[in-house]
$ cat data26.txt   # compact mmCIF, C-alpha atoms
# COMPACT_ATOMS: atom_id res chain seq x y z
CA MET A 111 129.43 143.41 117.37
CA CYS A 112 128.94 143.64 113.71
CA LYS A 113 126.48 141.12 112.25
CA GLU A 114 127.20 139.98 108.75
CA LYS A 115 124.12 140.32 106.53
CA LYS A 116 123.47 137.39 104.21
CA ASN A 117 122.06 138.07 100.79
CA PRO A 118 118.56 136.47 100.58
CA VAL A 119 118.90 136.09 96.81
CA LEU A 120 122.11 134.09 97.23
CA ILE A 121 120.43 131.85 99.82
CA ALA A 122 117.47 131.27 97.47
CA VAL A 123 119.80 130.36 94.58
CA VAL A 124 121.70 127.88 96.76
CA VAL A 125 118.44 126.27 97.95
CA VAL A 126 117.09 125.98 94.39
CA LEU A 127 120.37 124.45 93.22
CA GLU A 128 120.25 121.90 96.05
CA ILE A 129 116.68 120.99 95.11
CA LEU A 130 117.60 120.60 91.43
CA ILE A 131 120.62 118.43 92.22
CA THR A 132 118.51 116.24 94.52
CA ALA A 133 115.75 115.93 91.90
CA TRP A 134 118.28 115.05 89.18
CA THR A 135 119.82 112.36 91.39
CA LEU A 136 116.44 110.88 92.33
CA HIS A 137 115.32 110.88 88.69
CA GLY A 138 118.41 108.91 87.66
CA PHE A 139 117.85 106.44 90.49
CA ALA A 140 114.17 106.04 89.60
CA ALA A 141 114.96 105.47 85.92
CA ARG A 142 117.49 102.76 86.79
CA SER A 143 115.07 101.21 89.29
CA ILE A 144 112.29 101.02 86.71
CA GLU A 145 114.62 99.46 84.16
CA ASN A 146 115.80 96.85 86.64
CA ALA A 147 112.44 96.17 88.33
CA MET A 148 110.52 92.96 87.77
CA GLY A 149 107.82 93.21 85.14
CA THR A 150 109.25 96.20 83.32
CA SER A 151 111.68 94.50 80.99
CA LYS A 152 111.68 95.73 77.42
CA GLY A 153 109.83 92.56 76.39
CA ASP A 154 107.09 93.22 78.93
CA VAL A 155 106.82 96.82 77.73
CA ALA A 156 106.51 95.59 74.12
CA GLU A 157 103.83 93.06 75.13
CA GLN A 158 101.81 95.62 77.11
CA TYR A 159 101.98 98.14 74.27
CA ALA A 160 101.05 95.50 71.68
CA THR A 161 98.08 94.41 73.80
CA GLN A 162 96.67 97.93 73.88
CA LEU A 163 97.38 98.33 70.18
CA LEU A 164 95.54 95.09 69.36
CA LEU A 165 92.57 96.03 71.54
CA ASN A 166 92.28 99.44 69.87
CA GLU A 167 92.99 98.40 66.27
CA LYS A 168 90.66 95.39 66.28
CA ASN A 169 88.06 96.94 68.62
CA LEU A 170 88.27 93.93 70.96
CA GLU A 171 87.08 93.26 74.47
CA GLU A 172 89.96 92.55 76.86
CA ASP A 173 88.71 89.07 77.72
CA TRP A 174 88.65 88.12 74.03
CA ILE A 175 92.44 87.87 74.07
CA ARG A 176 93.03 84.17 74.61
CA GLY A 177 96.80 84.10 74.78
CA TYR A 178 99.95 86.00 74.01
CA SER A 179 103.63 85.36 73.69
CA TYR A 180 106.70 87.37 72.87
CA VAL A 181 110.27 86.65 71.90
CA GLN A 182 113.29 88.81 71.35
CA ILE A 183 114.47 88.74 67.74
CA ASP A 184 118.03 87.39 67.82
CA LEU A 185 119.64 89.64 65.22
CA HIS A 186 117.92 92.76 66.59
CA PRO A 187 118.16 92.82 70.39
CA ASP A 188 115.77 95.77 70.79
CA ILE A 189 113.00 94.24 68.63
CA TYR A 190 110.39 91.93 70.10
CA ARG A 191 107.91 89.77 68.22
CA VAL A 192 104.61 89.76 70.10
CA GLY A 193 101.82 87.40 69.05
CA PHE A 194 98.21 86.99 70.14
CA SER A 195 95.37 84.57 69.76
CA TYR A 196 92.02 86.28 70.19
CA TYR A 197 88.33 86.23 69.37
CA ALA A 198 87.57 88.76 66.63
CA ASP A 199 83.98 89.38 67.77
CA GLN A 200 81.21 88.15 70.04
CA LYS A 201 80.15 85.44 67.58
CA ASP A 202 83.70 84.04 67.43
CA ALA A 203 83.87 84.16 71.24
CA GLU A 204 80.65 82.14 71.48
CA VAL A 205 81.89 79.41 69.12
CA GLY A 206 85.54 79.52 70.22
CA LYS A 207 86.99 80.55 66.84
CA GLU A 208 90.38 82.14 67.45
CA SER A 209 92.26 84.56 65.21
CA ILE A 210 96.01 85.20 65.26
CA TYR A 211 97.86 88.51 64.98
CA GLY A 212 101.27 89.84 65.90
CA TYR A 213 103.61 92.80 65.95
CA ASP A 214 107.32 93.43 65.68
CA ILE A 215 107.99 96.22 68.19
CA GLN A 216 111.24 97.98 68.92
CA VAL A 217 111.88 99.18 72.47
CA ASP A 218 115.11 101.16 72.73
CA SER A 219 117.20 101.80 75.84
CA ASP A 220 115.09 104.88 76.67
CA TYR A 221 111.90 102.76 76.34
CA LYS A 222 110.88 104.60 73.17
CA ILE A 223 108.52 102.32 71.25
CA THR A 224 108.47 101.94 67.47
CA ILE A 225 106.08 99.59 65.70
CA LYS A 226 108.06 97.91 62.96
CA GLU A 227 105.24 95.80 61.53
CA GLY A 228 101.92 94.23 62.38
CA SER A 229 100.29 91.28 60.60
CA SER A 230 98.59 87.92 60.91
CA ALA A 231 101.77 86.36 59.46
CA ILE A 232 103.83 87.60 62.40
CA GLY A 233 101.35 86.07 64.83
CA MET A 234 101.30 82.78 62.91
CA ASP A 235 105.12 82.71 62.83
CA LEU A 236 105.32 83.23 66.60
CA TRP A 237 102.61 80.67 67.40
CA SER A 238 104.21 78.05 65.12
CA GLU A 239 107.54 78.58 66.97
CA LYS A 240 105.72 78.23 70.30
CA ILE A 241 103.95 75.03 69.22
CA GLU A 242 107.14 73.50 67.79
CA GLY A 243 109.30 74.57 70.76
$ encode --input "data26.txt" --output "structure tokens"
Amino acid sequence: MCKEKKNPVLIAVVVVLEILITAWTLHGFAARSIENAMGTSKGDVAEQYATQLLLNEKNLEEDWIRGYSYVQIDLHPDIYRVGFSYYADQKDAEVGKESIYGYDIQVDSDYKITIKEGSSAIGMDLWSEKIEG
């Protein structure tokens, strides 16, 4: 009987292709799962990014952030207004004097983040909406 020899290079190529196809499929599934999972909405991503930005820019302690809120800007569905009340330093924390700051952050469909603007006025605008609403 004549045994047919299989080319080991061809087998290796087929195995690598199967691995790549499986990885591509799993990556697509994981990306959709992350997008649809609780706690990873674009607004949550904007809030988490803004929190780290505020902590770094203002050199704050995490527990100095007293509150935060975010809203989606109606005319721009990928832009979120994120506002914070916080203690600017240890002295303010001791006396309870809060400062306000906010960011307009764009989170696109690929979760790429762009900071549109950051200012005290943005924070005040968001907190006034929260108080009125």
$ residues_around --input "data26.txt" --residues "Ile225 (chain A)" --least-positions-apart "3" --cutoff "12 Å" --atoms "only C-alpha atoms" --output "JSON, numbers by chain"
{"A": [156, 157, 159, 160, 163, 188, 189, 190, 191, 192, 212, 213, 214, 215, 216, 217, 218, 222, 228, 229]}
$ closest_residue --input "data26.txt" --among "A:Val155, A:Tyr196, A:Gln182, A:Leu130" --to "Asn169 (chain A)" --atoms "all atoms listed in the file"
A:Tyr196
$ atom_distance --input "data26.txt" --atom1 "CA of Ile232 (chain A)" --atom2 "CA of Tyr180 (chain A)"
10.9 Å
$ atom_distance --input "data26.txt" --atom1 "CA of Lys152 (chain A)" --atom2 "CA of Ser219 (chain A)"
8.4 Å
$ atom_distance --input "data26.txt" --atom1 "CA of Ser151 (chain A)" --atom2 "CA of Trp134 (chain A)"
23.1 Å
$ residues_around --input "data26.txt" --residues "region 175-178 of chain A" --least-positions-apart "4" --cutoff "12 Å" --atoms "all atoms listed in the file" --output "ChimeraX atom specification"
/A:154,156-158,160-162,164-165,168-171,191-200,202-203,206-213,233-234,236-237,240
$ closest_residue --input "data26.txt" --among "A:Asp235, A:Leu136, A:Ser230, A:Ile223" --to "Val181 (chain A)" --atoms "only C-alpha atoms"
A:Asp235
